[in-house]
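S.K.: Got a structure for you, target_14.cif, holding mmCIF, N, CA and C atoms.
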```cif
data_run
#
loop_
_atom_site.label_atom_id
_atom_site.label_comp_id
_atom_site.auth_asym_id
_atom_site.auth_seq_id
_atom_site.Cartn_x
_atom_site.Cartn_y
_atom_site.Cartn_z
N MET A 29 48.26 -22.70 -7.66
CA MET A 29 49.52 -22.51 -8.33
C MET A 29 49.96 -23.74 -9.08
N GLY A 30 49.22 -24.77 -8.97
CA GLY A 30 49.55 -25.98 -9.72
C GLY A 30 50.56 -26.85 -9.02
N VAL A 31 51.03 -26.49 -7.86
CA VAL A 31 52.01 -27.29 -7.13
C VAL A 31 51.26 -28.25 -6.25
N THR A 32 51.59 -29.52 -6.33
CA THR A 32 50.89 -30.50 -5.50
C THR A 32 51.46 -30.49 -4.10
N SER A 33 50.73 -31.03 -3.19
CA SER A 33 51.17 -31.02 -1.79
C SER A 33 52.39 -31.91 -1.58
N ALA A 34 52.65 -32.88 -2.46
CA ALA A 34 53.81 -33.77 -2.30
C ALA A 34 55.09 -33.02 -2.60
N LYS A 35 55.05 -32.05 -3.47
CA LYS A 35 56.26 -31.32 -3.85
C LYS A 35 56.48 -30.08 -3.01
N ARG A 36 55.56 -29.72 -2.14
CA ARG A 36 55.70 -28.52 -1.32
C ARG A 36 56.62 -28.81 -0.14
N PRO A 37 57.31 -27.78 0.29
CA PRO A 37 58.06 -27.93 1.53
C PRO A 37 57.10 -28.01 2.72
N ALA A 38 57.55 -28.52 3.82
CA ALA A 38 56.69 -28.75 4.98
C ALA A 38 56.17 -27.45 5.57
N GLY A 39 56.90 -26.39 5.56
CA GLY A 39 56.48 -25.11 6.15
C GLY A 39 55.49 -24.36 5.28
N SER A 40 55.48 -24.58 3.98
CA SER A 40 54.58 -23.82 3.09
C SER A 40 53.13 -24.27 3.24
N HIS A 41 52.92 -25.53 3.66
CA HIS A 41 51.55 -26.02 3.86
C HIS A 41 50.88 -25.25 5.01
N ALA A 42 51.63 -24.93 6.03
CA ALA A 42 51.09 -24.18 7.17
C ALA A 42 50.75 -22.75 6.75
N LEU A 43 51.53 -22.15 5.85
CA LEU A 43 51.24 -20.79 5.39
C LEU A 43 49.96 -20.75 4.55
N CYS A 44 49.76 -21.75 3.69
CA CYS A 44 48.56 -21.81 2.86
C CYS A 44 47.32 -22.05 3.71
N ALA A 45 47.46 -22.82 4.75
CA ALA A 45 46.31 -23.10 5.62
C ALA A 45 45.91 -21.85 6.39
N ASP A 46 46.89 -21.00 6.71
CA ASP A 46 46.58 -19.77 7.43
C ASP A 46 45.83 -18.77 6.55
N GLN A 47 46.05 -18.82 5.25
CA GLN A 47 45.41 -17.88 4.35
C GLN A 47 43.96 -18.27 4.05
N LYS A 48 43.58 -19.50 4.26
CA LYS A 48 42.22 -19.96 3.99
C LYS A 48 41.32 -19.63 5.17
N SER A 49 40.02 -19.58 4.88
CA SER A 49 39.07 -19.26 5.94
C SER A 49 38.86 -20.47 6.85
N GLY A 50 38.13 -20.28 7.91
CA GLY A 50 37.86 -21.34 8.86
C GLY A 50 36.95 -22.42 8.31
N TRP A 51 36.25 -22.17 7.23
CA TRP A 51 35.36 -23.16 6.64
C TRP A 51 36.12 -24.33 6.02
N HIS A 52 37.35 -24.08 5.59
CA HIS A 52 38.13 -25.14 4.93
C HIS A 52 38.39 -26.31 5.87
N SER A 53 38.46 -26.03 7.17
CA SER A 53 38.70 -27.13 8.10
C SER A 53 37.42 -27.94 8.37
N LEU A 54 36.25 -27.37 8.08
CA LEU A 54 34.99 -28.05 8.35
C LEU A 54 34.40 -28.74 7.12
N ILE A 55 34.74 -28.28 5.92
CA ILE A 55 34.16 -28.81 4.69
C ILE A 55 35.21 -29.67 3.98
N ALA A 56 34.75 -30.72 3.35
CA ALA A 56 35.66 -31.61 2.61
C ALA A 56 36.36 -30.83 1.50
N ALA A 57 37.58 -31.25 1.19
CA ALA A 57 38.43 -30.53 0.24
C ALA A 57 37.80 -30.46 -1.15
N HIS A 58 37.20 -31.59 -1.63
CA HIS A 58 36.62 -31.57 -2.98
C HIS A 58 35.37 -30.69 -3.05
N LEU A 59 34.71 -30.46 -1.91
CA LEU A 59 33.53 -29.58 -1.89
C LEU A 59 33.91 -28.11 -1.65
N SER A 60 34.96 -27.89 -0.88
CA SER A 60 35.33 -26.52 -0.55
C SER A 60 35.82 -25.74 -1.77
N GLN A 61 36.41 -26.43 -2.75
CA GLN A 61 36.87 -25.73 -3.95
C GLN A 61 35.68 -25.16 -4.72
N ASN A 62 34.59 -25.90 -4.79
CA ASN A 62 33.42 -25.43 -5.54
C ASN A 62 32.55 -24.48 -4.73
N LEU A 63 32.51 -24.68 -3.42
CA LEU A 63 31.62 -23.88 -2.61
C LEU A 63 32.23 -22.55 -2.18
N LEU A 64 33.50 -22.57 -1.79
CA LEU A 64 34.07 -21.39 -1.18
C LEU A 64 34.89 -20.54 -2.13
N GLU A 65 35.61 -21.13 -3.02
CA GLU A 65 36.49 -20.37 -3.88
C GLU A 65 35.73 -19.90 -5.11
N GLY A 66 35.88 -18.66 -5.45
CA GLY A 66 35.23 -18.11 -6.64
C GLY A 66 33.84 -17.58 -6.37
N LYS A 67 33.11 -18.17 -5.47
CA LYS A 67 31.77 -17.73 -5.14
C LYS A 67 31.80 -16.49 -4.24
N ILE A 68 32.85 -16.37 -3.47
CA ILE A 68 32.95 -15.25 -2.54
C ILE A 68 33.05 -13.94 -3.31
N ALA A 69 33.86 -13.90 -4.33
CA ALA A 69 34.03 -12.68 -5.12
C ALA A 69 32.75 -12.32 -5.86
N ALA A 70 32.06 -13.30 -6.41
CA ALA A 70 30.83 -13.04 -7.14
C ALA A 70 29.73 -12.57 -6.18
N ALA A 71 29.67 -13.16 -5.01
CA ALA A 71 28.65 -12.77 -4.05
C ALA A 71 28.90 -11.36 -3.53
N SER A 72 30.16 -11.03 -3.23
CA SER A 72 30.45 -9.69 -2.73
C SER A 72 30.20 -8.64 -3.81
N SER A 73 30.41 -9.00 -5.07
CA SER A 73 30.13 -8.06 -6.16
C SER A 73 28.63 -7.81 -6.28
N SER A 74 27.82 -8.87 -6.16
CA SER A 74 26.38 -8.67 -6.24
C SER A 74 25.86 -7.90 -5.03
N TYR A 75 26.45 -8.11 -3.86
CA TYR A 75 26.05 -7.35 -2.69
C TYR A 75 26.38 -5.87 -2.85
N ARG A 76 27.50 -5.60 -3.49
CA ARG A 76 27.86 -4.20 -3.73
C ARG A 76 26.85 -3.53 -4.65
N TRP A 77 26.41 -4.25 -5.69
CA TRP A 77 25.41 -3.67 -6.60
C TRP A 77 24.08 -3.47 -5.88
N LEU A 78 23.69 -4.42 -5.06
CA LEU A 78 22.45 -4.27 -4.30
C LEU A 78 22.54 -3.10 -3.32
N LEU A 79 23.70 -2.96 -2.70
CA LEU A 79 23.91 -1.85 -1.77
C LEU A 79 23.86 -0.51 -2.51
N ALA A 80 24.46 -0.44 -3.69
CA ALA A 80 24.45 0.80 -4.46
C ALA A 80 23.04 1.16 -4.92
N ILE A 81 22.28 0.18 -5.37
CA ILE A 81 20.90 0.44 -5.81
C ILE A 81 20.04 0.85 -4.61
N GLY A 82 20.21 0.16 -3.49
CA GLY A 82 19.47 0.52 -2.28
C GLY A 82 19.81 1.93 -1.80
N TRP A 83 21.09 2.27 -1.89
CA TRP A 83 21.53 3.61 -1.49
C TRP A 83 20.89 4.67 -2.39
N LEU A 84 20.87 4.45 -3.69
CA LEU A 84 20.27 5.41 -4.61
C LEU A 84 18.77 5.55 -4.37
N LEU A 85 18.09 4.44 -4.11
CA LEU A 85 16.65 4.51 -3.81
C LEU A 85 16.39 5.27 -2.52
N ALA A 86 17.21 5.04 -1.52
CA ALA A 86 17.03 5.73 -0.24
C ALA A 86 17.28 7.23 -0.37
N VAL A 87 18.32 7.60 -1.10
CA VAL A 87 18.63 9.02 -1.27
C VAL A 87 17.53 9.72 -2.07
N SER A 88 17.05 9.08 -3.13
CA SER A 88 15.99 9.72 -3.92
C SER A 88 14.69 9.78 -3.13
N ALA A 89 14.42 8.81 -2.27
CA ALA A 89 13.20 8.85 -1.45
C ALA A 89 13.31 9.96 -0.40
N LEU A 90 14.47 10.12 0.18
CA LEU A 90 14.65 11.17 1.18
C LEU A 90 14.69 12.56 0.56
N ALA A 91 15.10 12.66 -0.70
CA ALA A 91 15.13 13.95 -1.37
C ALA A 91 13.73 14.45 -1.68
N GLY A 92 12.77 13.55 -1.73
CA GLY A 92 11.39 13.94 -1.96
C GLY A 92 11.12 14.43 -3.37
N PRO A 93 11.32 13.59 -4.35
CA PRO A 93 11.06 14.05 -5.72
C PRO A 93 9.57 14.29 -5.93
N SER A 94 9.26 15.28 -6.73
CA SER A 94 7.85 15.53 -7.04
C SER A 94 7.61 15.15 -8.49
N TRP A 95 6.51 14.49 -8.71
CA TRP A 95 6.18 14.01 -10.04
C TRP A 95 5.30 15.01 -10.78
N GLN A 96 4.84 16.02 -10.09
CA GLN A 96 4.02 17.05 -10.70
C GLN A 96 4.67 18.40 -10.47
N ARG A 97 4.56 19.26 -11.44
CA ARG A 97 5.12 20.59 -11.29
C ARG A 97 4.16 21.46 -10.51
N LEU A 98 4.66 22.11 -9.49
CA LEU A 98 3.84 22.97 -8.67
C LEU A 98 3.66 24.32 -9.36
N PRO A 99 2.46 24.89 -9.30
CA PRO A 99 2.25 26.18 -9.95
C PRO A 99 3.03 27.28 -9.24
N GLN A 100 3.67 28.12 -10.00
CA GLN A 100 4.42 29.24 -9.46
C GLN A 100 3.63 30.52 -9.69
N PRO A 101 3.26 31.20 -8.65
CA PRO A 101 2.50 32.43 -8.84
C PRO A 101 3.39 33.51 -9.47
N VAL A 102 2.90 34.07 -10.54
CA VAL A 102 3.66 35.10 -11.24
C VAL A 102 3.33 36.48 -10.67
N TYR A 103 2.06 36.70 -10.45
CA TYR A 103 1.63 38.01 -9.97
C TYR A 103 0.56 37.83 -8.92
N GLN A 104 0.73 38.49 -7.81
CA GLN A 104 -0.27 38.44 -6.76
C GLN A 104 -0.71 39.86 -6.43
N LEU A 105 -1.98 40.02 -6.29
CA LEU A 105 -2.55 41.32 -5.99
C LEU A 105 -2.82 41.39 -4.49
N HIS A 106 -2.09 42.24 -3.82
CA HIS A 106 -2.27 42.41 -2.38
C HIS A 106 -2.92 43.77 -2.13
N THR A 107 -4.20 43.81 -2.32
CA THR A 107 -4.91 45.06 -2.06
C THR A 107 -5.82 44.88 -0.87
N GLY A 108 -5.98 45.95 -0.14
CA GLY A 108 -6.88 45.93 0.99
C GLY A 108 -8.10 46.78 0.67
N LYS A 109 -9.22 46.33 1.11
CA LYS A 109 -10.47 47.07 0.88
C LYS A 109 -11.11 47.32 2.23
N VAL A 110 -11.73 48.49 2.34
CA VAL A 110 -12.42 48.87 3.58
C VAL A 110 -13.86 49.18 3.23
N LEU A 111 -14.77 48.55 3.94
CA LEU A 111 -16.21 48.78 3.76
C LEU A 111 -16.69 49.62 4.93
N VAL A 112 -17.28 50.78 4.62
CA VAL A 112 -17.75 51.71 5.65
C VAL A 112 -19.27 51.68 5.63
N MET A 113 -19.87 51.37 6.78
CA MET A 113 -21.34 51.27 6.88
C MET A 113 -21.86 52.22 7.95
N ASP A 114 -22.94 52.91 7.58
CA ASP A 114 -23.65 53.81 8.51
C ASP A 114 -24.64 52.98 9.31
N MET A 115 -24.52 53.01 10.62
CA MET A 115 -25.40 52.25 11.49
C MET A 115 -26.33 53.15 12.30
N SER A 116 -26.51 54.39 11.83
CA SER A 116 -27.35 55.33 12.58
C SER A 116 -28.83 54.95 12.45
N LEU A 117 -29.66 55.61 13.21
CA LEU A 117 -31.09 55.32 13.22
C LEU A 117 -31.75 55.65 11.88
N SER A 118 -31.16 56.54 11.09
CA SER A 118 -31.74 56.87 9.80
C SER A 118 -31.71 55.68 8.84
N MET A 119 -30.83 54.71 9.07
CA MET A 119 -30.77 53.50 8.24
C MET A 119 -31.94 52.56 8.53
N ARG A 120 -32.66 52.79 9.62
CA ARG A 120 -33.81 51.97 9.96
C ARG A 120 -35.12 52.55 9.41
N ALA A 121 -35.01 53.56 8.60
CA ALA A 121 -36.21 54.18 8.04
C ALA A 121 -36.92 53.18 7.14
N THR A 122 -38.24 53.26 7.09
CA THR A 122 -39.04 52.28 6.34
C THR A 122 -39.60 52.87 5.05
N ASP A 123 -38.91 53.86 4.47
CA ASP A 123 -39.41 54.45 3.24
C ASP A 123 -39.27 53.50 2.04
N ILE A 124 -38.36 52.54 2.09
CA ILE A 124 -38.21 51.52 1.05
C ILE A 124 -38.25 50.15 1.71
N LYS A 125 -38.62 49.17 0.93
CA LYS A 125 -38.69 47.80 1.45
C LYS A 125 -37.55 47.00 0.86
N PRO A 126 -36.82 46.20 1.52
CA PRO A 126 -36.58 46.20 2.97
C PRO A 126 -35.91 47.51 3.38
N ASP A 127 -35.74 47.72 4.67
CA ASP A 127 -35.19 48.99 5.14
C ASP A 127 -33.75 49.19 4.66
N ARG A 128 -33.23 50.41 4.84
CA ARG A 128 -31.92 50.78 4.30
C ARG A 128 -30.79 49.93 4.90
N LEU A 129 -30.88 49.60 6.16
CA LEU A 129 -29.83 48.80 6.83
C LEU A 129 -29.77 47.39 6.23
N THR A 130 -30.92 46.79 5.97
CA THR A 130 -30.94 45.45 5.37
C THR A 130 -30.39 45.48 3.96
N ARG A 131 -30.75 46.53 3.18
CA ARG A 131 -30.20 46.67 1.83
C ARG A 131 -28.68 46.86 1.86
N ALA A 132 -28.21 47.66 2.80
CA ALA A 132 -26.77 47.88 2.93
C ALA A 132 -26.05 46.58 3.31
N ARG A 133 -26.69 45.80 4.17
CA ARG A 133 -26.10 44.51 4.56
C ARG A 133 -26.00 43.57 3.37
N TYR A 134 -27.07 43.48 2.53
CA TYR A 134 -27.02 42.64 1.33
C TYR A 134 -25.95 43.11 0.35
N LYS A 135 -25.83 44.43 0.21
CA LYS A 135 -24.82 44.98 -0.69
C LYS A 135 -23.41 44.67 -0.18
N ALA A 136 -23.21 44.74 1.14
CA ALA A 136 -21.91 44.42 1.73
C ALA A 136 -21.56 42.95 1.49
N ILE A 137 -22.54 42.07 1.62
CA ILE A 137 -22.30 40.64 1.36
C ILE A 137 -21.92 40.42 -0.10
N ASP A 138 -22.60 41.11 -1.02
CA ASP A 138 -22.26 41.00 -2.45
C ASP A 138 -20.85 41.50 -2.74
N LEU A 139 -20.45 42.61 -2.12
CA LEU A 139 -19.10 43.14 -2.33
C LEU A 139 -18.03 42.20 -1.80
N ILE A 140 -18.29 41.59 -0.65
CA ILE A 140 -17.33 40.65 -0.08
C ILE A 140 -17.20 39.41 -0.96
N ASN A 141 -18.32 38.92 -1.51
CA ASN A 141 -18.27 37.75 -2.39
C ASN A 141 -17.57 38.05 -3.71
N GLN A 142 -17.66 39.29 -4.21
CA GLN A 142 -17.00 39.65 -5.47
C GLN A 142 -15.49 39.82 -5.29
N SER A 143 -15.06 40.15 -4.10
CA SER A 143 -13.64 40.37 -3.83
C SER A 143 -12.94 39.03 -3.69
N ALA A 144 -12.15 38.66 -4.70
CA ALA A 144 -11.47 37.36 -4.69
C ALA A 144 -10.15 37.41 -3.95
N GLU A 145 -9.46 38.55 -4.00
CA GLU A 145 -8.13 38.64 -3.39
C GLU A 145 -8.07 39.79 -2.40
N GLY A 146 -7.05 39.77 -1.61
CA GLY A 146 -6.80 40.86 -0.69
C GLY A 146 -7.54 40.70 0.62
N GLU A 147 -7.41 41.71 1.45
CA GLU A 147 -8.05 41.69 2.75
C GLU A 147 -9.21 42.66 2.76
N MET A 148 -10.17 42.39 3.62
CA MET A 148 -11.37 43.22 3.71
C MET A 148 -11.50 43.73 5.14
N GLY A 149 -11.76 45.04 5.26
CA GLY A 149 -11.96 45.65 6.57
C GLY A 149 -13.36 46.25 6.63
N LEU A 150 -13.89 46.43 7.84
CA LEU A 150 -15.23 46.98 8.03
C LEU A 150 -15.15 48.08 9.08
N VAL A 151 -15.70 49.25 8.72
CA VAL A 151 -15.84 50.35 9.65
C VAL A 151 -17.32 50.63 9.78
N ALA A 152 -17.85 50.45 10.95
CA ALA A 152 -19.27 50.73 11.21
C ALA A 152 -19.35 51.93 12.13
N TYR A 153 -20.21 52.89 11.79
CA TYR A 153 -20.35 54.09 12.61
C TYR A 153 -21.80 54.48 12.72
N ALA A 154 -22.11 55.19 13.77
CA ALA A 154 -23.48 55.69 13.97
C ALA A 154 -23.45 57.21 13.85
N ALA A 155 -22.96 57.91 14.83
CA ALA A 155 -22.84 59.34 14.75
C ALA A 155 -21.41 59.70 14.38
N THR A 156 -20.45 58.95 14.95
CA THR A 156 -19.04 59.14 14.65
C THR A 156 -18.38 57.79 14.50
N ALA A 157 -17.36 57.73 13.71
CA ALA A 157 -16.62 56.47 13.53
C ALA A 157 -15.67 56.29 14.69
N LEU A 158 -15.64 55.11 15.28
CA LEU A 158 -14.76 54.84 16.42
C LEU A 158 -13.57 54.05 16.00
#
```
How would this structure read if it were set down as structure tokens?
M.R.:
Amino acid sequence: MGVTSAKRPAGSHALCADQKSGWHSLIAAHLSQNLLEGKIAAASSSYRWLLAIGWLLAVSALAGPSWQRLPQPVYQLHTGKVLVMDMSLSMRATDIKPDRLTRARYKAIDLINQSAEGEMGLVAYAATAL
């Protein structure tokens, strides 16, 4: 305030001392003006900015941002297919090479490999389907 200590009343010096921090009693007067006054406001302002930036980084990290767009399926085909195989003794006939059962097995494997989507079921029967 520009008022020197010689012109102050005796009681006002005690009020000013109460408003200062505890460091003023430990640090010399000519050093405390440069070290304590003015630096506190600047330091607290920089801490606030660091806290705000840290908070934004933490929130964005917890939100889990993705840097790549995930493919959205537009159309999905949910069809089921059933493969019915005859396992009777007539499939073991040797009129063709390989026998009918082995040919049916190869054909079933080819059908399963061609089916890209959906579910596949198998019904095997001999005399009657169970």
S.K.: With 5 Å of padding per side, what axis-aligned box (centre and edge lengths, Å, one decimal) covers all the listed atoms of stretch 136-143 of chain A? Give it as lines of an AutoDock Vina configuration file.
M.R.:
```
center_x = -18.1
center_y = 41.2
center_z = -1.9
size_x = 20.3
size_y = 17.0
size_z = 17.2
```
S.K.: Quick check for you: according to DSSP on this backbone, which residues of stretch 69-116 of chain A are classed as strand (DSSP E or B)? Reply as a list of chain:residue names.
M.R.: A:Gly108, A:Lys109, A:Val110, A:Leu111, A:Val112, A:Met113, A:Asp114
S.K.: Let's have the selection written as a PDB file, in the coordinates of the input, with N, CA and C atoms.
M.R.:
```pdb
ATOM      1  N   GLY A 108      -5.980  45.950  -0.140  1.00  0.00           N
ATOM      2  CA  GLY A 108      -6.880  45.930   0.990  1.00  0.00           C
ATOM      3  C   GLY A 108      -8.100  46.780   0.670  1.00  0.00           C
ATOM      4  N   LYS A 109      -9.220  46.330   1.110  1.00  0.00           N
ATOM      5  CA  LYS A 109     -10.470  47.070   0.880  1.00  0.00           C
ATOM      6  C   LYS A 109     -11.110  47.320   2.230  1.00  0.00           C
ATOM      7  N   VAL A 110     -11.730  48.490   2.340  1.00  0.00           N
ATOM      8  CA  VAL A 110     -12.420  48.870   3.580  1.00  0.00           C
ATOM      9  C   VAL A 110     -13.860  49.180   3.230  1.00  0.00           C
ATOM     10  N   LEU A 111     -14.770  48.550   3.940  1.00  0.00           N
ATOM     11  CA  LEU A 111     -16.210  48.780   3.760  1.00  0.00           C
ATOM     12  C   LEU A 111     -16.690  49.620   4.930  1.00  0.00           C
ATOM     13  N   VAL A 112     -17.280  50.780   4.620  1.00  0.00           N
ATOM     14  CA  VAL A 112     -17.750  51.710   5.650  1.00  0.00           C
ATOM     15  C   VAL A 112     -19.270  51.680   5.630  1.00  0.00           C
ATOM     16  N   MET A 113     -19.870  51.370   6.780  1.00  0.00           N
ATOM     17  CA  MET A 113     -21.340  51.270   6.880  1.00  0.00           C
ATOM     18  C   MET A 113     -21.860  52.220   7.950  1.00  0.00           C
ATOM     19  N   ASP A 114     -22.940  52.910   7.580  1.00  0.00           N
ATOM     20  CA  ASP A 114     -23.650  53.810   8.510  1.00  0.00           C
ATOM     21  C   ASP A 114     -24.640  52.980   9.310  1.00  0.00           C
TER      22      ASP A 114
END
```
S.K.: For stretch 112-116 of chain A, please output as a list of chain:residue names all residues within 6 Å (counting only C-alpha atoms; exclusion window: fewer than 3 positions along the same chain).
M.R.: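 Final neighbour list, sorted by chain and number: A:Met119, A:Leu150, A:Val151, A:Ala152, A:Tyr153, A:Ala154.
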S.K.: Under the rule that only C-alpha atoms are counted, which of A:Ser60, A:Ser74, A:Ser53, A:Ser143 is the nearest residue to A:His106?
M.R.: A:Ser143
S.K.: Just the number, please: distance in Å from atom CA of A:Leu139 to atom N of A:Thr107, one decimal.
M.R.: 14.9 Å
S.K.: List, as a list in words, every residue that the PyMOL selection byres (((chain A and resi 109 and name CA) around 9) and name CA) selects in the file provided.
M.R.: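 This file gives the following for the PyMOL selection byres (((chain A and resi 109 and name CA) around 9) and name CA): Thr107, Gly108, Val110, Leu111, Ser143, Gly146, Glu147, Met148, Gly149 and Leu150 of chain A.
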